[in-house]
Every structure is written in C-alpha cells, then in structure tokens.
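Structure file coords.txt; described as compact mmCIF, C-alpha atoms.
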# COMPACT_ATOMS: atom_id res chain seq x y z
CA MET K 1 -32.83 22.59 -25.57
CA ARG K 2 -34.91 22.26 -22.42
CA PRO K 3 -38.13 24.20 -21.73
CA TYR K 4 -38.09 26.78 -18.96
CA VAL K 5 -40.59 27.21 -16.14
CA ALA K 6 -38.76 29.07 -13.35
CA ARG K 7 -35.33 29.26 -11.75
CA ARG K 8 -36.74 27.48 -8.70
CA ASP K 9 -38.36 24.71 -10.72
CA ARG K 10 -36.77 21.34 -9.95
CA ARG K 11 -36.54 20.31 -13.61
CA TYR K 12 -36.97 23.21 -16.04
CA ASN K 13 -34.69 25.87 -14.60
CA GLN K 14 -31.74 26.38 -16.94
CA SER K 15 -32.43 29.52 -18.98
CA PRO K 16 -35.44 31.60 -20.03
CA VAL K 17 -34.00 32.17 -23.50
CA PHE K 18 -32.83 30.07 -26.42
CA GLY K 19 -30.87 31.16 -29.45
CA LEU K 20 -27.82 30.97 -31.63
CA ALA K 21 -24.85 33.20 -30.89
CA GLY K 22 -21.26 33.60 -31.93
CA TYR K 23 -19.37 35.99 -34.14
CA VAL K 24 -18.79 37.06 -37.71
CA ILE K 25 -15.22 37.60 -38.87
CA PRO K 26 -13.56 38.33 -42.23
CA HIS K 27 -12.17 35.09 -43.63
CA SER K 28 -8.74 36.69 -43.99
CA GLU K 29 -8.62 37.12 -40.19
CA ALA K 30 -9.99 33.72 -39.16
CA ARG K 31 -6.65 31.87 -39.09
CA ASN K 32 -4.90 34.51 -36.99
CA PHE K 33 -7.88 34.70 -34.65
CA ALA K 34 -7.71 30.92 -34.17
CA THR K 35 -4.02 31.20 -33.27
CA PHE K 36 -4.79 33.96 -30.78
CA PHE K 37 -7.49 31.85 -29.15
CA LEU K 38 -5.18 28.84 -28.88
CA GLN K 39 -2.54 30.96 -27.16
CA LEU K 40 -5.15 32.53 -24.89
CA LYS K 41 -6.48 29.11 -23.93
CA ARG K 42 -2.94 27.87 -23.23
CA GLN K 43 -2.30 30.80 -20.89
CA MET K 44 -5.70 30.95 -19.17
CA LEU K 45 -6.14 27.24 -18.68
CA ALA K 46 -2.57 26.07 -18.09
CA ALA K 47 -3.56 24.18 -14.93
CA ASP K 48 -6.37 22.34 -16.75
CA LEU K 49 -4.09 21.44 -19.63
CA ALA K 50 -1.47 20.09 -17.24
CA LYS K 51 -4.09 17.78 -15.71
CA VAL K 52 -5.53 16.41 -18.96
CA GLN K 53 -2.13 16.03 -20.64
CA LYS K 54 -3.51 16.86 -24.09
CA HIS K 55 -2.32 19.10 -26.87
CA PRO K 56 -4.20 22.41 -26.53
CA ALA K 57 -5.26 22.21 -30.18
CA THR K 58 -7.24 19.02 -29.47
CA TRP K 59 -8.82 19.95 -26.12
CA GLU K 60 -11.60 22.37 -25.19
CA LYS K 61 -13.11 23.95 -22.14
CA LYS K 62 -16.81 24.47 -22.68
CA GLY K 63 -18.10 27.97 -22.09
CA LYS K 64 -20.75 26.75 -19.64
CA ASP K 65 -17.98 25.34 -17.44
CA LEU K 66 -15.63 28.33 -17.73
CA ILE K 67 -17.92 31.36 -17.76
CA THR K 68 -19.61 30.86 -14.41
CA THR K 69 -20.47 33.26 -11.61
CA GLY K 70 -17.96 31.56 -9.33
CA ASN K 71 -15.11 31.81 -11.84
CA MET K 72 -15.88 35.43 -12.65
CA LYS K 73 -15.77 36.39 -8.98
CA LYS K 74 -12.85 34.22 -7.94
CA TYR K 75 -10.43 34.36 -10.88
CA PRO K 76 -9.40 37.75 -12.30
CA HIS K 77 -7.50 36.04 -15.12
CA VAL K 78 -10.77 34.54 -16.41
CA ARG K 79 -12.43 37.98 -16.53
CA GLU K 80 -9.40 39.45 -18.24
CA GLY K 81 -9.19 36.53 -20.66
CA ILE K 82 -12.76 37.04 -21.84
CA SER K 83 -12.08 40.77 -22.23
CA ARG K 84 -8.98 40.02 -24.28
CA LEU K 85 -10.98 37.67 -26.50
CA LEU K 86 -13.55 40.38 -27.24
CA ARG K 87 -10.88 43.02 -27.85
CA GLU K 88 -9.05 40.75 -30.29
CA LEU K 89 -12.25 39.97 -32.17
CA ASP K 90 -12.98 43.69 -32.43
CA ARG K 91 -9.41 44.43 -33.54
CA ARG K 92 -9.75 41.95 -36.39
CA GLY K 93 -12.97 43.45 -37.69
CA GLY K 94 -15.24 40.86 -36.11
CA LYS K 95 -18.79 41.35 -34.89
CA ILE K 96 -20.81 39.57 -32.21
CA PHE K 97 -24.06 38.09 -33.45
CA TRP K 98 -27.06 36.42 -31.89
CA TYR K 99 -30.69 35.67 -32.57
CA GLY K 100 -32.73 34.40 -29.66
CA ARG K 101 -36.25 33.85 -28.34
CA GLN K 102 -37.70 33.90 -24.90
CA LYS K 103 -39.08 30.53 -23.86
CA TYR K 104 -42.75 30.95 -23.02
CA LEU K 105 -44.43 27.63 -23.77
CA GLN K 106 -45.16 25.09 -21.08
CA PRO K 107 -43.02 21.91 -21.20
CA GLU K 108 -45.85 19.81 -22.63
CA GLU K 109 -46.35 22.35 -25.43
CA SER K 110 -42.72 22.95 -26.34
CA ASN K 111 -41.04 21.63 -29.48
CA SER K 112 -37.26 21.89 -29.10
CA SER K 113 -36.51 20.74 -32.64
CA GLY K 114 -39.01 23.17 -34.13
CA LEU K 115 -37.65 26.04 -32.04
CA TYR K 116 -34.09 25.29 -33.15
CA THR K 117 -34.98 25.25 -36.85
CA THR K 118 -37.00 28.46 -36.49
CA VAL K 119 -34.14 30.24 -34.76
CA LEU K 120 -31.65 28.94 -37.32
CA ALA K 121 -33.72 30.19 -40.26
CA HIS K 122 -34.04 33.65 -38.70
CA ALA K 123 -30.33 33.73 -37.84
CA ILE K 124 -29.38 32.90 -41.43
CA ARG K 125 -31.54 35.73 -42.76
CA GLN K 126 -30.11 38.22 -40.28
CA LEU K 127 -26.54 37.24 -41.18
CA ASP K 128 -27.38 37.32 -44.86
CA SER K 129 -28.68 40.87 -44.50
CA TYR K 130 -25.46 41.93 -42.79
CA VAL K 131 -23.17 40.33 -45.35
CA GLN K 132 -25.16 41.50 -48.37
CA ALA K 133 -24.77 45.07 -47.09
CA GLN K 134 -21.02 44.49 -47.39
CA ARG K 135 -21.37 43.08 -50.92
CA SER K 136 -19.72 39.87 -49.76
CA GLN K 137 -20.49 36.21 -49.08
CA PHE K 138 -20.32 34.02 -46.01
CA MET K 139 -20.26 30.52 -44.60
CA ILE K 140 -21.57 29.27 -41.25
CA ILE K 141 -19.82 26.70 -39.07
CA LEU K 142 -21.74 25.11 -36.20
CA ASP K 143 -20.96 22.67 -33.43
CA GLN K 144 -22.33 19.18 -34.00
CA HIS K 145 -26.02 18.66 -33.25
CA SER K 146 -28.15 15.52 -32.96
CA ASP K 147 -30.66 16.90 -35.50
CA ARG K 148 -27.91 17.46 -38.06
CA LEU K 149 -29.90 16.46 -41.16
CA LYS K 150 -32.97 18.50 -40.18
CA LEU K 151 -30.81 21.58 -39.61
CA ILE K 152 -29.12 21.20 -42.98
CA GLU K 153 -32.50 20.84 -44.67
CA THR K 154 -33.81 23.95 -42.91
CA SER K 155 -30.71 25.86 -43.98
CA ALA K 156 -31.01 24.76 -47.59
CA LYS K 157 -34.69 25.74 -47.72
CA THR K 158 -33.86 29.13 -46.22
CA MET K 159 -30.94 29.59 -48.58
CA PHE K 160 -33.06 28.91 -51.67
CA SER K 161 -36.39 30.31 -50.45
CA PRO K 162 -38.43 31.59 -53.43
CA ASP K 163 -39.51 34.64 -51.42
CA THR K 164 -36.52 35.68 -49.33
CA PRO K 165 -33.45 33.64 -50.36
CA ALA K 166 -30.20 34.00 -48.44
CA ARG K 167 -28.19 34.99 -51.50
CA ALA K 168 -24.90 35.66 -49.71
CA LEU K 169 -24.75 32.23 -48.05
CA ILE K 170 -22.35 30.05 -50.06
CA GLU K 171 -23.44 26.65 -48.70
CA PRO K 172 -25.65 25.32 -45.88
CA PRO K 173 -23.83 25.36 -42.51
CA PHE K 174 -21.08 22.87 -41.76
CA GLN K 175 -21.11 20.99 -38.44
CA VAL K 176 -17.77 20.10 -36.91
CA GLU K 177 -16.17 18.52 -33.83
CA SER K 178 -15.68 21.54 -31.61
CA HIS K 179 -12.70 20.19 -29.67
CA LEU K 180 -10.63 20.37 -32.89
CA TYR K 181 -11.69 23.88 -34.00
CA GLN K 182 -10.39 26.90 -32.12
CA THR K 183 -12.78 29.26 -33.92
CA ILE K 184 -15.77 27.18 -32.79
CA GLN K 185 -14.51 27.12 -29.20
CA ALA K 186 -14.21 30.91 -29.26
CA ALA K 187 -17.77 31.11 -30.55
CA ASP K 188 -18.93 28.83 -27.72
CA TRP K 189 -17.38 31.13 -25.11
CA ILE K 190 -19.00 34.18 -26.69
CA ALA K 191 -22.35 32.39 -26.99
CA THR K 192 -22.23 31.45 -23.29
CA LEU K 193 -21.44 35.03 -22.33
CA VAL K 194 -24.28 36.39 -24.47
CA GLY K 195 -26.63 33.74 -23.09
CA ARG K 196 -25.86 34.75 -19.50
CA GLN K 197 -26.37 38.42 -20.33
CA GLN K 198 -29.64 37.88 -22.18
CA ALA K 199 -31.03 35.59 -19.45
CA HIS K 200 -30.37 38.30 -16.88
CA LYS K 201 -31.90 40.91 -19.17
CA VAL K 202 -35.09 38.88 -19.71
CA ALA K 203 -35.50 37.68 -16.12
CA PRO K 204 -33.36 39.93 -13.88
CA ASP K 205 -35.03 38.95 -10.62
CA GLU K 206 -34.48 35.24 -11.20
CA PHE K 207 -30.96 35.57 -12.60
CA ARG K 208 -29.44 38.17 -10.30
CA ASP K 209 -26.35 36.01 -9.96
CA TRP K 210 -25.66 36.63 -13.68
CA GLU K 211 -25.81 40.40 -13.31
CA TRP K 212 -22.04 40.49 -13.77
CA ALA K 213 -22.51 39.58 -17.45
CA SER K 214 -24.40 42.82 -18.06
CA GLU K 215 -22.23 44.96 -15.78
CA MET K 216 -18.82 43.71 -16.94
CA PHE K 217 -19.47 42.94 -20.58
CA GLY K 218 -22.85 44.41 -21.56
CA PRO K 219 -21.54 47.67 -23.07
CA ARG K 220 -18.88 45.91 -25.14
CA ILE K 221 -21.33 43.26 -26.34
CA SER K 222 -23.77 45.96 -27.44
CA ALA K 223 -21.02 47.94 -29.16
CA MET K 224 -19.78 44.89 -31.08
CA ALA K 225 -23.15 43.33 -31.91
CA THR K 226 -24.69 43.54 -35.36
CA HIS K 227 -28.06 42.40 -36.73
CA SER K 228 -28.81 40.77 -33.37
CA LYS K 229 -32.17 40.57 -31.64
CA MET K 230 -34.14 38.90 -28.89
CA TRP K 231 -37.74 37.94 -29.66
CA ILE K 232 -40.02 38.31 -26.65
CA PRO K 233 -43.62 37.16 -27.18
CA ARG K 234 -46.14 39.41 -25.53
CA GLY K 235 -49.44 39.33 -27.30
CA GLY K 236 -47.72 37.62 -30.21
CA LYS K 237 -45.59 40.66 -31.04
CA ILE K 238 -41.89 41.36 -30.85
CA GLN K 239 -41.44 43.63 -27.85
CA GLU K 240 -37.68 43.96 -27.84
CA GLU K 241 -35.41 44.34 -30.82
CA LEU K 242 -31.81 45.12 -29.98
CA PRO K 243 -29.93 47.70 -32.06
CA ILE K 244 -28.83 46.66 -35.53
CA SER K 245 -25.56 48.25 -36.56
CA LEU K 246 -24.79 48.64 -40.22
CA PRO K 247 -21.23 48.18 -41.47
CA LYS K 248 -19.25 51.33 -42.11
CA LYS K 249 -17.42 49.85 -45.06
CA ALA K 250 -17.28 46.66 -47.06
CA ARG K 251 -15.18 43.84 -45.67
CA PRO K 252 -14.13 40.44 -47.06
CA ALA K 253 -16.33 37.37 -46.77
CA ALA K 254 -17.36 36.40 -43.29
CA GLU K 255 -17.01 33.05 -41.54

Structure encoded using structure tokens:
Amino acid sequence: MRPYVARRDRRYNQSPVFGLAGYVIPHSEARNFATFFLQLKRQMLAADLAKVQKHPATWEKKGKDLITTGNMKKYPHVREGISRLLRELDRRGGKIFWYGRQKYLQPEESNSSGLYTTVLAHAIRQLDSYVQAQRSQFMIILDQHSDRLKLIETSAKTMFSPDTPARALIEPPFQVESHLYQTIQAADWIATLVGRQQAHKVAPDEFRDWEWASEMFGPRISAMATHSKMWIPRGGKIQEELPISLPKKARPAAE
C-alpha cells in the first residue's frame, strides 16, 4: 500500500483510499459461483487465454489490468462481463463488502503495515456482525500478502478479543495463491471495481476518469453492499458511513 499525495504527484498518485473489499456468499453457492466465474473468464478473455496457452483454471487476469477506463470505454463485452458477475453473485445470495479508509497522512508519517492490520480488524468485526445476524458462521480467504504472519496474528487477536470477539469467525483468514482460486479472482475484480468507485467518490475532481464506475455500477454496488463503510478523517471523526443493510432472512455460512 502506497501513501497518496495527489493524482499529479510523480510518486504518490495511485489512490486516495485503502481498504479490503470482496464479497460474502453462502458456502453452498461458492462452488457453483466459481464455475460461473471460470466460464465467464473463458468467454471474456478468450484472446488472452489463446496467447498464454494456459488452462483457464490456472491463469488469472488481475482486476487492475482488466477494469480500466480504456477497457470500459472500448470493449462492451468487458462492461457486460462485470455486470454479469454482479448479477450472478446477487442471484446466489451474495453480498458485496468493503471497509476502507481515506489516506490522509503524509508519506513520511504513513505506516502501511499498521493501516492494513487496522483495516483488517475492522473488516472482520463488520463481517462478524453481518454473519451473527444470520445466526451462522464464516471463513475469510485472502490473496497472499508479504505480511502474512502479522495479518494472521491480528486476525487471531480480533477473533478472541476479550471485549469484542468475532464469535462467528471459524478460523483466522487463509491466504492462497490467487491464480488457482476462481473465487479469489472474482473477489479481486469486485475489489478493483469498488476501489475505482470509492476513489472517485472521495476525490471526484482528481479521478474524473473513473466516473464510469459510479455511473455504470454505483447503484448496483450500493444495492448489493452490506456492512460496508468508508472512514474519512475530518477532525478525527467518521464523516461518511455508507448504508448498512441487514439480512432479510438467515442464510448458510458465508465464505
């Protein structure tokens, strides 16, 4: 995670927000959702697959490389593919989730590892609140990270906190090789889409080229999101808290 100064800054210009995003899905639907994503990837990215000559189950296209302004404007099948992904997730009882924070510290003051563990702890508690309301349990699967041990320790401490334990979390998060997991690749695409939308929402003047994320997908993201929020520090207080939707009925354990 890199600090952010401004879009025009030569070094720190990537995104004004940082967070964790993905989706929650009943475990009974996870396998079928993975199959859908594999088929979607095979159709959407047939040309890429032909070039790399790899089995689609062992190859991935990162969201940051696929969900770009250029691709959204130039390729209708990419726009439609992302829409199909969201519709399928919704059809299978899934929810979009994210917890993020606006970057406000100067580069010399920032602590990327500390920010990641803080965001992770908050994300676990938000997910735990959602799943407990369903009287269920859940597991979290993450892409591999260089601070793997620190993240597991943070998760375990959050899970067994004496004050606010995450009682519905079965085990600390697993970290896996994303190119072998269709469900993780789907989460990466959704996280990229949410990241584009939230960056534009936080800094619309600087990220006008990402306006399409809000215009094309904003309403569906909002409708499908649960227990998701963006923390914006102004005077040390949370200024924006996106709607939290409560489940209408209990569902099986989430993944």

Show me a table, sorted first by chain and then by increasing residue number, of the residues of segment 45-107 of chain K having an atom at most 6 Å from segment 220-233 of chain K, each with its shortest atom pair and the distance in Å to one decimal, counting all atoms listed in the file and written as a tab-separated table.
residue	atom	partner	partner_atom	distance
K:Lys95	CA	K:Met224	CA	5.3
K:Ile96	CA	K:Ala225	CA	4.4
K:Phe97	CA	K:Ser228	CA	5.5
K:Trp98	CA	K:Ser228	CA	4.9
K:Tyr99	CA	K:Lys229	CA	5.2
K:Gly100	CA	K:Met230	CA	4.8
K:Arg101	CA	K:Trp231	CA	4.5
K:Gln102	CA	K:Ile232	CA	5.3

Query raised in the report: Which one is closest to Gln39 of chain K: K:Gly93, K:Gly218, K:Pro165, K:Pro56? Count only C-alpha atoms.
Result: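 Smallest separation from Gln39 of chain K among the options: K:Pro56.
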
**Report entry** Nearest to Ile141 of chain K, chosen from K:Ser155, K:Thr192, K:Ser112, K:Gln198, with all atoms listed in the file counted in the distances
**Finding:** K:Ser155

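Of the residues listed (K:Ala156, K:Met72, K:Ile190, K:Ala133), K:Met72 shows the shortest atom-to-atom separation from Glu215 of chain K; distances use all atoms listed in the file.
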
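Atom CA of Pro26 of chain K is found 26.2 Å from atom CA of Val78 of chain K.
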
Query raised in the report: Looking at K:Tyr104, K:Tyr181, K:Phe138, K:Phe217, which one is nearest to Leu38 of chain K, with distances taken over all atoms listed in the file?
Result: K:Tyr181

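The coordinates place atom CA of Leu142 of chain K at 24.9 Å from atom CA of His200 of chain K.
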
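Closest approach to Phe36 of chain K from the set K:Glu108, K:Asp65, K:Glu88, K:Glu60 is made by K:Glu88, with distances taken over all atoms listed in the file.
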
Query raised in the report: Counting all atoms listed in the file, what is within 12 Å of Ala186 of chain K, bar same-chain residues fewer than 6 positions away, as a PyMOL selection string?
Result: chain K and resi 21-25+30+33-41+60-63+66+81-82+84-86+88-89+96+142-143+178-180+192-193

Residue subset to file, keeping C-alpha atoms, as a PDB file, in the frame of the given file:
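Result written to result05.pdb:
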ATOM      1  CA  ALA K  21     -24.850  33.200 -30.890  1.00  0.00           C
ATOM      2  CA  GLY K  22     -21.260  33.600 -31.930  1.00  0.00           C
ATOM      3  CA  TYR K  23     -19.370  35.990 -34.140  1.00  0.00           C
ATOM      4  CA  VAL K  24     -18.790  37.060 -37.710  1.00  0.00           C
ATOM      5  CA  ILE K  25     -15.220  37.600 -38.870  1.00  0.00           C
ATOM      6  CA  ALA K  30      -9.990  33.720 -39.160  1.00  0.00           C
ATOM      7  CA  PHE K  33      -7.880  34.700 -34.650  1.00  0.00           C
ATOM      8  CA  ALA K  34      -7.710  30.920 -34.170  1.00  0.00           C
ATOM      9  CA  THR K  35      -4.020  31.200 -33.270  1.00  0.00           C
ATOM     10  CA  PHE K  36      -4.790  33.960 -30.780  1.00  0.00           C
ATOM     11  CA  PHE K  37      -7.490  31.850 -29.150  1.00  0.00           C
ATOM     12  CA  LEU K  38      -5.180  28.840 -28.880  1.00  0.00           C
ATOM     13  CA  GLN K  39      -2.540  30.960 -27.160  1.00  0.00           C
ATOM     14  CA  LEU K  40      -5.150  32.530 -24.890  1.00  0.00           C
ATOM     15  CA  LYS K  41      -6.480  29.110 -23.930  1.00  0.00           C
ATOM     16  CA  GLU K  60     -11.600  22.370 -25.190  1.00  0.00           C
ATOM     17  CA  LYS K  61     -13.110  23.950 -22.140  1.00  0.00           C
ATOM     18  CA  LYS K  62     -16.810  24.470 -22.680  1.00  0.00           C
ATOM     19  CA  GLY K  63     -18.100  27.970 -22.090  1.00  0.00           C
ATOM     20  CA  LEU K  66     -15.630  28.330 -17.730  1.00  0.00           C
ATOM     21  CA  GLY K  81      -9.190  36.530 -20.660  1.00  0.00           C
ATOM     22  CA  ILE K  82     -12.760  37.040 -21.840  1.00  0.00           C
ATOM     23  CA  ARG K  84      -8.980  40.020 -24.280  1.00  0.00           C
ATOM     24  CA  LEU K  85     -10.980  37.670 -26.500  1.00  0.00           C
ATOM     25  CA  LEU K  86     -13.550  40.380 -27.240  1.00  0.00           C
ATOM     26  CA  GLU K  88      -9.050  40.750 -30.290  1.00  0.00           C
ATOM     27  CA  LEU K  89     -12.250  39.970 -32.170  1.00  0.00           C
ATOM     28  CA  ILE K  96     -20.810  39.570 -32.210  1.00  0.00           C
ATOM     29  CA  LEU K 142     -21.740  25.110 -36.200  1.00  0.00           C
ATOM     30  CA  ASP K 143     -20.960  22.670 -33.430  1.00  0.00           C
ATOM     31  CA  SER K 178     -15.680  21.540 -31.610  1.00  0.00           C
ATOM     32  CA  HIS K 179     -12.700  20.190 -29.670  1.00  0.00           C
ATOM     33  CA  LEU K 180     -10.630  20.370 -32.890  1.00  0.00           C
ATOM     34  CA  THR K 192     -22.230  31.450 -23.290  1.00  0.00           C
ATOM     35  CA  LEU K 193     -21.440  35.030 -22.330  1.00  0.00           C
TER      36      LEU K 193
END

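You will find atom CA of Pro3 of chain K at 5.4 Å from atom CA of Pro107 of chain K.
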
Axis-aligned box for all listed atoms of segment 174-181 of chain K, 3 Å per side, centre and edges in Å to one decimal, as JSON:
{"center_x": -15.9, "center_y": 21.2, "center_z": -35.7, "size_x": 16.5, "size_y": 11.4, "size_z": 18.1}

Query - Nearest residue to Gln182 of chain K from the set K:Lys51, K:Arg8, K:Arg42, K:Arg2 (distances using all atoms listed in the file) - result: K:Arg42
